[in-house]
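Next comes protein_17.json, with JSON, N, CA and C atoms.
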[["chain", "number", "residue", "atom", "x", "y", "z"],
["A", 1, "VAL", "N", -198.95, -131.44, 31.27],
["A", 1, "VAL", "CA", -198.73, -132.04, 29.97],
["A", 1, "VAL", "C", -198.02, -133.38, 30.17],
["A", 2, "ALA", "N", -198.60, -134.42, 29.63],
["A", 2, "ALA", "CA", -198.02, -135.76, 29.77],
["A", 2, "ALA", "C", -196.90, -135.94, 28.76],
["A", 3, "ASN", "N", -195.85, -136.64, 29.20],
["A", 3, "ASN", "CA", -194.79, -136.91, 28.22],
["A", 3, "ASN", "C", -195.03, -138.26, 27.55],
["A", 4, "LEU", "N", -194.24, -138.60, 26.55],
["A", 4, "LEU", "CA", -194.45, -139.82, 25.77],
["A", 4, "LEU", "C", -194.38, -141.09, 26.61],
["A", 5, "VAL", "N", -193.50, -141.11, 27.59],
["A", 5, "VAL", "CA", -193.35, -142.30, 28.41],
["A", 5, "VAL", "C", -194.62, -142.57, 29.20],
["A", 6, "GLU", "N", -195.27, -141.52, 29.71],
["A", 6, "GLU", "CA", -196.48, -141.67, 30.49],
["A", 6, "GLU", "C", -197.66, -142.16, 29.65],
["A", 7, "ILE", "N", -197.70, -141.83, 28.39],
["A", 7, "ILE", "CA", -198.83, -142.23, 27.55],
["A", 7, "ILE", "C", -198.50, -143.44, 26.66],
["A", 8, "GLY", "N", -197.44, -144.16, 27.00],
["A", 8, "GLY", "CA", -197.11, -145.40, 26.29],
["A", 8, "GLY", "C", -196.24, -145.22, 25.07],
["A", 9, "GLY", "N", -195.69, -144.04, 24.86],
["A", 9, "GLY", "CA", -194.81, -143.81, 23.71],
["A", 9, "GLY", "C", -193.42, -144.38, 23.96],
["A", 10, "VAL", "N", -192.59, -144.24, 22.98],
["A", 10, "VAL", "CA", -191.22, -144.74, 23.06],
["A", 10, "VAL", "C", -190.31, -143.62, 23.55],
["A", 11, "ARG", "N", -189.44, -143.96, 24.47],
["A", 11, "ARG", "CA", -188.49, -142.99, 24.99],
["A", 11, "ARG", "C", -187.40, -142.75, 23.94],
["A", 12, "PRO", "N", -187.08, -141.51, 23.63],
["A", 12, "PRO", "CA", -186.04, -141.23, 22.62],
["A", 12, "PRO", "C", -184.68, -141.75, 23.07],
["A", 13, "VAL", "N", -183.93, -142.25, 22.11],
["A", 13, "VAL", "CA", -182.60, -142.79, 22.39],
["A", 13, "VAL", "C", -181.57, -141.91, 21.66],
["A", 14, "PRO", "N", -180.56, -141.42, 22.37],
["A", 14, "PRO", "CA", -179.56, -140.58, 21.70],
["A", 14, "PRO", "C", -178.71, -141.42, 20.74],
["A", 15, "PRO", "N", -178.09, -140.79, 19.74],
["A", 15, "PRO", "CA", -177.23, -141.52, 18.82],
["A", 15, "PRO", "C", -176.09, -142.19, 19.56],
["A", 16, "GLU", "N", -175.62, -143.32, 19.04],
["A", 16, "GLU", "CA", -174.57, -144.10, 19.70],
["A", 16, "GLU", "C", -173.29, -143.29, 19.89],
["A", 17, "LYS", "N", -172.90, -142.51, 18.90],
["A", 17, "LYS", "CA", -171.66, -141.75, 18.97],
["A", 17, "LYS", "C", -171.85, -140.35, 19.52],
["A", 18, "GLY", "N", -173.05, -139.97, 19.87],
["A", 18, "GLY", "CA", -173.29, -138.65, 20.41],
["A", 18, "GLY", "C", -173.42, -137.63, 19.30],
["A", 19, "VAL", "N", -173.30, -136.36, 19.66],
["A", 19, "VAL", "CA", -173.43, -135.30, 18.67],
["A", 19, "VAL", "C", -172.04, -134.78, 18.33],
["A", 20, "PHE", "N", -171.93, -134.17, 17.17],
["A", 20, "PHE", "CA", -170.67, -133.57, 16.78],
["A", 20, "PHE", "C", -170.96, -132.31, 15.99],
["A", 21, "PRO", "N", -170.02, -131.38, 15.97],
["A", 21, "PRO", "CA", -170.26, -130.10, 15.30],
["A", 21, "PRO", "C", -170.44, -130.25, 13.79],
["A", 22, "LEU", "N", -171.28, -129.38, 13.24],
["A", 22, "LEU", "CA", -171.42, -129.31, 11.79],
["A", 22, "LEU", "C", -170.18, -128.64, 11.21],
["A", 23, "ASP", "N", -169.91, -128.90, 9.97],
["A", 23, "ASP", "CA", -168.76, -128.33, 9.28],
["A", 23, "ASP", "C", -169.13, -126.96, 8.70],
["A", 24, "HIS", "N", -169.34, -125.98, 9.58],
["A", 24, "HIS", "CA", -169.77, -124.65, 9.15],
["A", 24, "HIS", "C", -168.75, -123.96, 8.25],
["A", 25, "LEU", "N", -167.47, -124.28, 8.43],
["A", 25, "LEU", "CA", -166.42, -123.64, 7.65],
["A", 25, "LEU", "C", -166.11, -124.42, 6.37],
["A", 26, "HIS", "N", -166.84, -125.49, 6.13],
["A", 26, "HIS", "CA", -166.69, -126.31, 4.90],
["A", 26, "HIS", "C", -165.27, -126.86, 4.74],
["A", 27, "GLU", "N", -164.68, -127.25, 5.85],
["A", 27, "GLU", "CA", -163.31, -127.76, 5.83],
["A", 27, "GLU", "C", -163.19, -129.13, 5.16],
["A", 28, "CYS", "N", -164.27, -129.89, 5.15],
["A", 28, "CYS", "CA", -164.23, -131.24, 4.59],
["A", 28, "CYS", "C", -165.16, -131.38, 3.38],
["A", 29, "ASP", "N", -165.43, -130.26, 2.70],
["A", 29, "ASP", "CA", -166.34, -130.30, 1.55],
["A", 29, "ASP", "C", -165.85, -131.21, 0.43],
["A", 30, "LEU", "N", -164.57, -131.16, 0.12],
["A", 30, "LEU", "CA", -164.04, -131.98, -0.97],
["A", 30, "LEU", "C", -164.25, -133.46, -0.67],
["A", 31, "GLU", "N", -163.94, -133.86, 0.56],
["A", 31, "GLU", "CA", -164.12, -135.26, 0.96],
["A", 31, "GLU", "C", -165.59, -135.64, 0.96],
["A", 32, "LYS", "N", -166.44, -134.72, 1.42],
["A", 32, "LYS", "CA", -167.88, -134.98, 1.46],
["A", 32, "LYS", "C", -168.42, -135.15, 0.05],
["A", 33, "LYS", "N", -168.00, -134.31, -0.87],
["A", 33, "LYS", "CA", -168.47, -134.40, -2.26],
["A", 33, "LYS", "C", -168.06, -135.72, -2.90],
["A", 34, "GLY", "N", -166.83, -136.15, -2.64],
["A", 34, "GLY", "CA", -166.38, -137.45, -3.16],
["A", 34, "GLY", "C", -167.19, -138.58, -2.59],
["A", 35, "TYR", "N", -167.45, -138.51, -1.31],
["A", 35, "TYR", "CA", -168.24, -139.53, -0.62],
["A", 35, "TYR", "C", -169.66, -139.59, -1.17],
["A", 36, "LEU", "N", -170.26, -138.42, -1.40],
["A", 36, "LEU", "CA", -171.64, -138.38, -1.88],
["A", 36, "LEU", "C", -171.76, -138.74, -3.37],
["A", 37, "ALA", "N", -170.72, -138.47, -4.16],
["A", 37, "ALA", "CA", -170.76, -138.76, -5.59],
["A", 37, "ALA", "C", -170.46, -140.23, -5.89],
["A", 38, "CYS", "N", -169.75, -140.89, -5.03],
["A", 38, "CYS", "CA", -169.30, -142.25, -5.29],
["A", 38, "CYS", "C", -170.43, -143.24, -5.58],
["A", 39, "PRO", "N", -171.49, -143.29, -4.78],
["A", 39, "PRO", "CA", -172.52, -144.30, -5.06],
["A", 39, "PRO", "C", -173.08, -144.25, -6.48],
["A", 40, "LYS", "N", -173.34, -143.05, -6.99],
["A", 40, "LYS", "CA", -173.86, -142.94, -8.36],
["A", 40, "LYS", "C", -172.85, -143.48, -9.37],
["A", 41, "SER", "N", -171.58, -143.13, -9.17],
["A", 41, "SER", "CA", -170.56, -143.52, -10.15],
["A", 41, "SER", "C", -170.21, -145.00, -10.09],
["A", 42, "THR", "N", -170.61, -145.68, -9.02],
["A", 42, "THR", "CA", -170.30, -147.11, -8.89],
["A", 42, "THR", "C", -171.54, -147.99, -8.98],
["A", 43, "GLY", "N", -172.64, -147.41, -9.42],
["A", 43, "GLY", "CA", -173.87, -148.20, -9.50],
["A", 43, "GLY", "C", -174.40, -148.57, -8.13],
["A", 44, "PHE", "N", -174.19, -147.70, -7.16],
["A", 44, "PHE", "CA", -174.66, -147.88, -5.79],
["A", 44, "PHE", "C", -174.11, -149.14, -5.12],
["A", 45, "GLN", "N", -172.85, -149.45, -5.42],
["A", 45, "GLN", "CA", -172.14, -150.54, -4.75],
["A", 45, "GLN", "C", -171.33, -149.93, -3.62],
["A", 46, "SER", "N", -171.94, -149.87, -2.45],
["A", 46, "SER", "CA", -171.37, -149.13, -1.33],
["A", 46, "SER", "C", -169.97, -149.62, -0.93],
["A", 47, "GLU", "N", -169.69, -150.90, -1.11],
["A", 47, "GLU", "CA", -168.37, -151.41, -0.73],
["A", 47, "GLU", "C", -167.26, -150.74, -1.53],
["A", 48, "LYS", "N", -167.58, -150.23, -2.72],
["A", 48, "LYS", "CA", -166.58, -149.55, -3.54],
["A", 48, "LYS", "C", -166.39, -148.10, -3.12],
["A", 49, "CYS", "N", -167.17, -147.63, -2.18],
["A", 49, "CYS", "CA", -167.10, -146.24, -1.72],
["A", 49, "CYS", "C", -166.50, -146.12, -0.32],
["A", 50, "GLN", "N", -166.05, -147.20, 0.24],
["A", 50, "GLN", "CA", -165.55, -147.16, 1.62],
["A", 50, "GLN", "C", -164.37, -146.22, 1.78],
["A", 51, "GLN", "N", -163.49, -146.14, 0.79],
["A", 51, "GLN", "CA", -162.33, -145.27, 0.91],
["A", 51, "GLN", "C", -162.77, -143.80, 1.01],
["A", 52, "PHE", "N", -163.86, -143.45, 0.32],
["A", 52, "PHE", "CA", -164.35, -142.08, 0.38],
["A", 52, "PHE", "C", -164.94, -141.76, 1.75],
["A", 53, "SER", "N", -165.69, -142.69, 2.31],
["A", 53, "SER", "CA", -166.25, -142.44, 3.64],
["A", 53, "SER", "C", -165.14, -142.40, 4.68],
["A", 54, "LYS", "N", -164.12, -143.23, 4.49],
["A", 54, "LYS", "CA", -162.97, -143.22, 5.41],
["A", 54, "LYS", "C", -162.26, -141.87, 5.36],
["A", 55, "ARG", "N", -162.02, -141.36, 4.16],
["A", 55, "ARG", "CA", -161.35, -140.06, 4.02],
["A", 55, "ARG", "C", -162.19, -138.94, 4.65],
["A", 56, "TYR", "N", -163.50, -139.01, 4.47],
["A", 56, "TYR", "CA", -164.37, -137.99, 5.04],
["A", 56, "TYR", "C", -164.30, -138.01, 6.57],
["A", 57, "LEU", "N", -164.36, -139.19, 7.16],
["A", 57, "LEU", "CA", -164.29, -139.30, 8.62],
["A", 57, "LEU", "C", -162.92, -138.87, 9.13],
["A", 58, "GLU", "N", -161.85, -139.24, 8.42],
["A", 58, "GLU", "CA", -160.50, -138.81, 8.82],
["A", 58, "GLU", "C", -160.39, -137.29, 8.79],
["A", 59, "CYS", "N", -160.95, -136.66, 7.76],
["A", 59, "CYS", "CA", -160.93, -135.20, 7.66],
["A", 59, "CYS", "C", -161.64, -134.59, 8.87],
["A", 60, "ARG", "N", -162.79, -135.11, 9.21],
["A", 60, "ARG", "CA", -163.55, -134.58, 10.35],
["A", 60, "ARG", "C", -162.76, -134.75, 11.65],
["A", 61, "MET", "N", -162.10, -135.89, 11.81],
["A", 61, "MET", "CA", -161.32, -136.11, 13.03],
["A", 61, "MET", "C", -160.11, -135.18, 13.09],
["A", 62, "GLU", "N", -159.43, -134.99, 11.96],
["A", 62, "GLU", "CA", -158.25, -134.11, 11.91],
["A", 62, "GLU", "C", -158.61, -132.68, 12.27],
["A", 63, "ARG", "N", -159.82, -132.26, 11.97],
["A", 63, "ARG", "CA", -160.24, -130.88, 12.21],
["A", 63, "ARG", "C", -161.12, -130.73, 13.46],
["A", 64, "ASN", "N", -161.10, -131.77, 14.29],
["A", 64, "ASN", "CA", -161.85, -131.78, 15.55],
["A", 64, "ASN", "C", -163.34, -131.56, 15.35],
["A", 65, "LEU", "N", -163.87, -132.08, 14.25],
["A", 65, "LEU", "CA", -165.31, -132.02, 14.01],
["A", 65, "LEU", "C", -165.99, -133.29, 14.52],
["A", 66, "MET", "N", -165.19, -134.22, 14.98],
["A", 66, "MET", "CA", -165.69, -135.41, 15.66],
["A", 66, "MET", "C", -164.53, -135.98, 16.46],
["A", 67, "ALA", "N", -164.85, -136.82, 17.43],
["A", 67, "ALA", "CA", -163.82, -137.39, 18.30],
["A", 67, "ALA", "C", -162.90, -138.29, 17.50],
["A", 68, "LYS", "N", -161.60, -138.23, 17.80],
["A", 68, "LYS", "CA", -160.65, -139.10, 17.14],
["A", 68, "LYS", "C", -160.88, -140.54, 17.60],
["A", 69, "GLN", "N", -160.86, -141.43, 16.65],
["A", 69, "GLN", "CA", -161.12, -142.83, 16.93],
["A", 69, "GLN", "C", -160.38, -143.67, 15.90],
["A", 70, "ASP", "N", -159.90, -144.83, 16.32],
["A", 70, "ASP", "CA", -159.22, -145.73, 15.39],
["A", 70, "ASP", "C", -160.22, -146.17, 14.32],
["A", 71, "MET", "N", -159.78, -146.15, 13.07],
["A", 71, "MET", "CA", -160.68, -146.49, 11.97],
["A", 71, "MET", "C", -161.20, -147.91, 12.07],
["A", 72, "SER", "N", -160.44, -148.81, 12.66],
["A", 72, "SER", "CA", -160.92, -150.18, 12.81],
["A", 72, "SER", "C", -162.13, -150.24, 13.74],
["A", 73, "GLU", "N", -162.23, -149.30, 14.67],
["A", 73, "GLU", "CA", -163.39, -149.22, 15.56],
["A", 73, "GLU", "C", -164.63, -148.72, 14.83],
["A", 74, "LEU", "N", -164.42, -148.11, 13.67],
["A", 74, "LEU", "CA", -165.53, -147.59, 12.87],
["A", 74, "LEU", "C", -165.88, -148.54, 11.72],
["A", 75, "GLY", "N", -165.30, -149.73, 11.75],
["A", 75, "GLY", "CA", -165.64, -150.75, 10.76],
["A", 75, "GLY", "C", -164.75, -150.79, 9.55],
["A", 76, "PHE", "N", -163.64, -150.04, 9.56],
["A", 76, "PHE", "CA", -162.74, -150.03, 8.41],
["A", 76, "PHE", "C", -161.59, -151.00, 8.63],
["A", 77, "ARG", "N", -161.12, -151.54, 7.54],
["A", 77, "ARG", "CA", -159.93, -152.39, 7.54],
["A", 77, "ARG", "C", -159.05, -151.90, 6.41],
["A", 78, "ASN", "N", -157.93, -152.55, 6.14],
["A", 78, "ASN", "CA", -157.10, -152.14, 5.00],
["A", 78, "ASN", "C", -157.91, -152.30, 3.74],
["A", 79, "LEU", "N", -158.07, -151.21, 3.01],
["A", 79, "LEU", "CA", -158.91, -151.22, 1.82],
["A", 79, "LEU", "C", -158.03, -151.15, 0.58],
["A", 80, "ASP", "N", -158.49, -151.76, -0.48],
["A", 80, "ASP", "CA", -157.82, -151.67, -1.77],
["A", 80, "ASP", "C", -158.07, -150.28, -2.31],
["A", 81, "GLU", "N", -157.03, -149.43, -2.31],
["A", 81, "GLU", "CA", -157.20, -148.04, -2.70],
["A", 81, "GLU", "C", -157.09, -147.81, -4.20],
["A", 82, "VAL", "N", -156.74, -148.84, -4.96],
["A", 82, "VAL", "CA", -156.51, -148.67, -6.39],
["A", 82, "VAL", "C", -157.79, -148.30, -7.12],
["A", 83, "ASP", "N", -158.87, -149.05, -6.91],
["A", 83, "ASP", "CA", -160.09, -148.84, -7.68],
["A", 83, "ASP", "C", -160.81, -147.55, -7.33],
["A", 84, "THR", "N", -160.70, -147.09, -6.08],
["A", 84, "THR", "CA", -161.49, -145.93, -5.67],
["A", 84, "THR", "C", -160.63, -144.72, -5.34],
["A", 85, "ALA", "N", -159.38, -144.71, -5.77],
["A", 85, "ALA", "CA", -158.51, -143.59, -5.47],
["A", 85, "ALA", "C", -158.94, -142.36, -6.28],
["A", 86, "PRO", "N", -159.22, -141.24, -5.60],
["A", 86, "PRO", "CA", -159.62, -140.05, -6.33],
["A", 86, "PRO", "C", -158.39, -139.33, -6.90],
["A", 87, "ASP", "N", -158.59, -138.54, -7.94],
["A", 87, "ASP", "CA", -157.50, -137.73, -8.44],
["A", 87, "ASP", "C", -157.36, -136.50, -7.55],
["A", 88, "LYS", "N", -156.52, -135.55, -7.93],
["A", 88, "LYS", "CA", -156.26, -134.39, -7.08],
["A", 88, "LYS", "C", -157.49, -133.51, -6.89],
["A", 89, "ASN", "N", -158.50, -133.65, -7.75],
["A", 89, "ASN", "CA", -159.74, -132.89, -7.62],
["A", 89, "ASN", "C", -160.79, -133.63, -6.81],
["A", 90, "GLY", "N", -160.45, -134.81, -6.29],
["A", 90, "GLY", "CA", -161.39, -135.58, -5.50],
["A", 90, "GLY", "C", -162.34, -136.41, -6.33],
["A", 91, "LYS", "N", -162.07, -136.51, -7.63],
["A", 91, "LYS", "CA", -162.94, -137.30, -8.51],
["A", 91, "LYS", "C", -162.30, -138.65, -8.77],
["A", 92, "LEU", "N", -163.12, -139.62, -9.09],
["A", 92, "LEU", "CA", -162.59, -140.93, -9.42],
["A", 92, "LEU", "C", -161.80, -140.83, -10.71],
["A", 93, "GLU", "N", -160.58, -141.39, -10.71],
["A", 93, "GLU", "CA", -159.80, -141.41, -11.95],
["A", 93, "GLU", "C", -160.45, -142.35, -12.94],
["A", 94, "THR", "N", -160.80, -143.53, -12.47],
["A", 94, "THR", "CA", -161.56, -144.47, -13.28],
["A", 94, "THR", "C", -162.66, -145.01, -12.40],
["A", 95, "LEU", "N", -163.78, -145.25, -12.99],
["A", 95, "LEU", "CA", -164.87, -145.83, -12.23],
["A", 95, "LEU", "C", -164.48, -147.24, -11.85],
["A", 96, "PRO", "N", -164.88, -147.72, -10.67],
["A", 96, "PRO", "CA", -164.53, -149.07, -10.26],
["A", 96, "PRO", "C", -164.91, -150.12, -11.31],
["A", 97, "ASN", "N", -166.04, -149.97, -11.98],
["A", 97, "ASN", "CA", -166.43, -150.95, -13.00],
["A", 97, "ASN", "C", -165.46, -150.93, -14.17],
["A", 98, "GLU", "N", -164.97, -149.74, -14.56],
["A", 98, "GLU", "CA", -164.02, -149.63, -15.65],
["A", 98, "GLU", "C", -162.69, -150.26, -15.26],
["A", 99, "ALA", "N", -162.28, -150.11, -14.01],
["A", 99, "ALA", "CA", -161.03, -150.70, -13.55],
["A", 99, "ALA", "C", -161.12, -152.22, -13.63],
["A", 100, "ASP", "N", -162.28, -152.80, -13.26],
["A", 100, "ASP", "CA", -162.48, -154.24, -13.35],
["A", 100, "ASP", "C", -162.40, -154.71, -14.79],
["A", 101, "GLU", "N", -163.00, -153.93, -15.72],
["A", 101, "GLU", "CA", -162.98, -154.31, -17.12],
["A", 101, "GLU", "C", -161.57, -154.29, -17.67],
["A", 102, "LYS", "N", -160.74, -153.30, -17.23],
["A", 102, "LYS", "CA", -159.37, -153.22, -17.69],
["A", 102, "LYS", "C", -158.57, -154.44, -17.21],
["A", 103, "LYS", "N", -158.83, -154.89, -15.98],
["A", 103, "LYS", "CA", -158.13, -156.06, -15.44],
["A", 103, "LYS", "C", -158.49, -157.30, -16.25],
["A", 104, "ILE", "N", -159.75, -157.43, -16.62],
["A", 104, "ILE", "CA", -160.21, -158.59, -17.38],
["A", 104, "ILE", "C", -159.60, -158.57, -18.77],
["A", 105, "ALA", "N", -159.52, -157.40, -19.39],
["A", 105, "ALA", "CA", -159.00, -157.28, -20.74],
["A", 105, "ALA", "C", -157.50, -157.57, -20.82],
["A", 106, "SER", "N", -156.79, -157.36, -19.72],
["A", 106, "SER", "CA", -155.33, -157.58, -19.72],
["A", 106, "SER", "C", -154.94, -159.02, -19.77]]
Please go through the file and, once you have read it, give me the structure as structure tokens.
Amino acid sequence: VANLVEIGGVRPVPPEKGVFPLDHLHECDLEKKGYLACPKSTGFQSEKCQQFSKRYLECRMERNLMAKQDMSELGFRNLDEVDTAPDKNGKLETLPNEADEKKIAS
């Protein structure tokens, strides 16, 4: 049986960060739900969801579901947490667009 390389196919490339365990115990479900809900609530403006993705990755690192790494190495910098800060249930207190409107009205 010929493999893909022999017949002119492309050799598979592993992911840059390697593999990591799935969250079988649902330890980071709250963070994941916030991360997944954010794009809809912000009109798919991904820059307004960075805090949610950061929290999700931090949760995974804290629970050894991925290798610990400095957040700056993952593309994060100091983020404005006011507009995207979730309440205690992991939901947005105010949508980022609403927060902008309140600033303009003031």
Could you jot down the CA of Ser72 in chain A to atom C of Cys59 in chain A separation for me, Å, one decimal place? 16.1 Å
Interatomic distance, CA of Lys54 in chain A to CA of Phe76 in chain A (Å, one decimal): 7.4 Å
Could you pull out all residues of range 40-83 of chain A with a DSSP call of helix (DSSP H, G or I) and give them as an mmCIF file with N, CA and C atoms, in the coordinates of the input?
data_model
loop_
_atom_site.group_PDB
_atom_site.id
_atom_site.type_symbol
_atom_site.label_atom_id
_atom_site.label_comp_id
_atom_site.auth_asym_id
_atom_site.auth_seq_id
_atom_site.Cartn_x
_atom_site.Cartn_y
_atom_site.Cartn_z
ATOM 1 N N LYS A 40 -173.340 -143.050 -6.990
ATOM 2 C CA LYS A 40 -173.860 -142.940 -8.360
ATOM 3 C C LYS A 40 -172.850 -143.480 -9.370
ATOM 4 N N SER A 41 -171.580 -143.130 -9.170
ATOM 5 C CA SER A 41 -170.560 -143.520 -10.150
ATOM 6 C C SER A 41 -170.210 -145.000 -10.090
ATOM 7 N N SER A 46 -171.940 -149.870 -2.450
ATOM 8 C CA SER A 46 -171.370 -149.130 -1.330
ATOM 9 C C SER A 46 -169.970 -149.620 -0.930
ATOM 10 N N GLU A 47 -169.690 -150.900 -1.110
ATOM 11 C CA GLU A 47 -168.370 -151.410 -0.730
ATOM 12 C C GLU A 47 -167.260 -150.740 -1.530
ATOM 13 N N LYS A 48 -167.580 -150.230 -2.720
ATOM 14 C CA LYS A 48 -166.580 -149.550 -3.540
ATOM 15 C C LYS A 48 -166.390 -148.100 -3.120
ATOM 16 N N CYS A 49 -167.170 -147.630 -2.180
ATOM 17 C CA CYS A 49 -167.100 -146.240 -1.720
ATOM 18 C C CYS A 49 -166.500 -146.120 -0.320
ATOM 19 N N GLN A 50 -166.050 -147.200 0.240
ATOM 20 C CA GLN A 50 -165.550 -147.160 1.620
ATOM 21 C C GLN A 50 -164.370 -146.220 1.780
ATOM 22 N N GLN A 51 -163.490 -146.140 0.790
ATOM 23 C CA GLN A 51 -162.330 -145.270 0.910
ATOM 24 C C GLN A 51 -162.770 -143.800 1.010
ATOM 25 N N PHE A 52 -163.860 -143.450 0.320
ATOM 26 C CA PHE A 52 -164.350 -142.080 0.380
ATOM 27 C C PHE A 52 -164.940 -141.760 1.750
ATOM 28 N N SER A 53 -165.690 -142.690 2.310
ATOM 29 C CA SER A 53 -166.250 -142.440 3.640
ATOM 30 C C SER A 53 -165.140 -142.400 4.680
ATOM 31 N N LYS A 54 -164.120 -143.230 4.490
ATOM 32 C CA LYS A 54 -162.970 -143.220 5.410
ATOM 33 C C LYS A 54 -162.260 -141.870 5.360
ATOM 34 N N ARG A 55 -162.020 -141.360 4.160
ATOM 35 C CA ARG A 55 -161.350 -140.060 4.020
ATOM 36 C C ARG A 55 -162.190 -138.940 4.650
ATOM 37 N N TYR A 56 -163.500 -139.010 4.470
ATOM 38 C CA TYR A 56 -164.370 -137.990 5.040
ATOM 39 C C TYR A 56 -164.300 -138.010 6.570
ATOM 40 N N LEU A 57 -164.360 -139.190 7.160
ATOM 41 C CA LEU A 57 -164.290 -139.300 8.620
ATOM 42 C C LEU A 57 -162.920 -138.870 9.130
ATOM 43 N N GLU A 58 -161.850 -139.240 8.420
ATOM 44 C CA GLU A 58 -160.500 -138.810 8.820
ATOM 45 C C GLU A 58 -160.390 -137.290 8.790
ATOM 46 N N CYS A 59 -160.950 -136.660 7.760
ATOM 47 C CA CYS A 59 -160.930 -135.200 7.660
ATOM 48 C C CYS A 59 -161.640 -134.590 8.870
ATOM 49 N N ARG A 60 -162.790 -135.110 9.210
ATOM 50 C CA ARG A 60 -163.550 -134.580 10.350
ATOM 51 C C ARG A 60 -162.760 -134.750 11.650
ATOM 52 N N MET A 61 -162.100 -135.890 11.810
ATOM 53 C CA MET A 61 -161.320 -136.110 13.030
ATOM 54 C C MET A 61 -160.110 -135.180 13.090
ATOM 55 N N GLU A 62 -159.430 -134.990 11.960
ATOM 56 C CA GLU A 62 -158.250 -134.110 11.910
ATOM 57 C C GLU A 62 -158.610 -132.680 12.270
ATOM 58 N N MET A 71 -159.780 -146.150 13.070
ATOM 59 C CA MET A 71 -160.680 -146.490 11.970
ATOM 60 C C MET A 71 -161.200 -147.910 12.070
ATOM 61 N N SER A 72 -160.440 -148.810 12.660
ATOM 62 C CA SER A 72 -160.920 -150.180 12.810
ATOM 63 C C SER A 72 -162.130 -150.240 13.740
ATOM 64 N N GLU A 73 -162.230 -149.300 14.670
ATOM 65 C CA GLU A 73 -163.390 -149.220 15.560
ATOM 66 C C GLU A 73 -164.630 -148.720 14.830
ATOM 67 N N LEU A 74 -164.420 -148.110 13.670
ATOM 68 C CA LEU A 74 -165.530 -147.590 12.870
ATOM 69 C C LEU A 74 -165.880 -148.540 11.720
#
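Distance-wise, atom N of Gly34 in chain A and atom C of Val13 in chain A end up 29.0 Å apart.
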Quick one: of A:Gly43, A:Cys38, A:Lys32, A:Asp23, who's nearest to Leu57 in chain A, counting all atoms listed in the file?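 Closest to Leu57 in chain A, using all atoms listed in the file: A:Lys32.
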So that I can check the surroundings of Ala67 in chain A, please list as number ranges by chain every protein, DNA and RNA residue that reaches within 7 Å of it, counting all atoms listed in the file and ignoring chain neighbours fewer than 6 positions away. A: 20, 60-61
Contacts of Tyr35 in chain A at 8 Å or less, counting only C-alpha atoms, minus same-chain residues fewer than 4 places along, as a list in words? Glu31, Pro39, Cys49, Phe52, Ser53 and Tyr56 of chain A
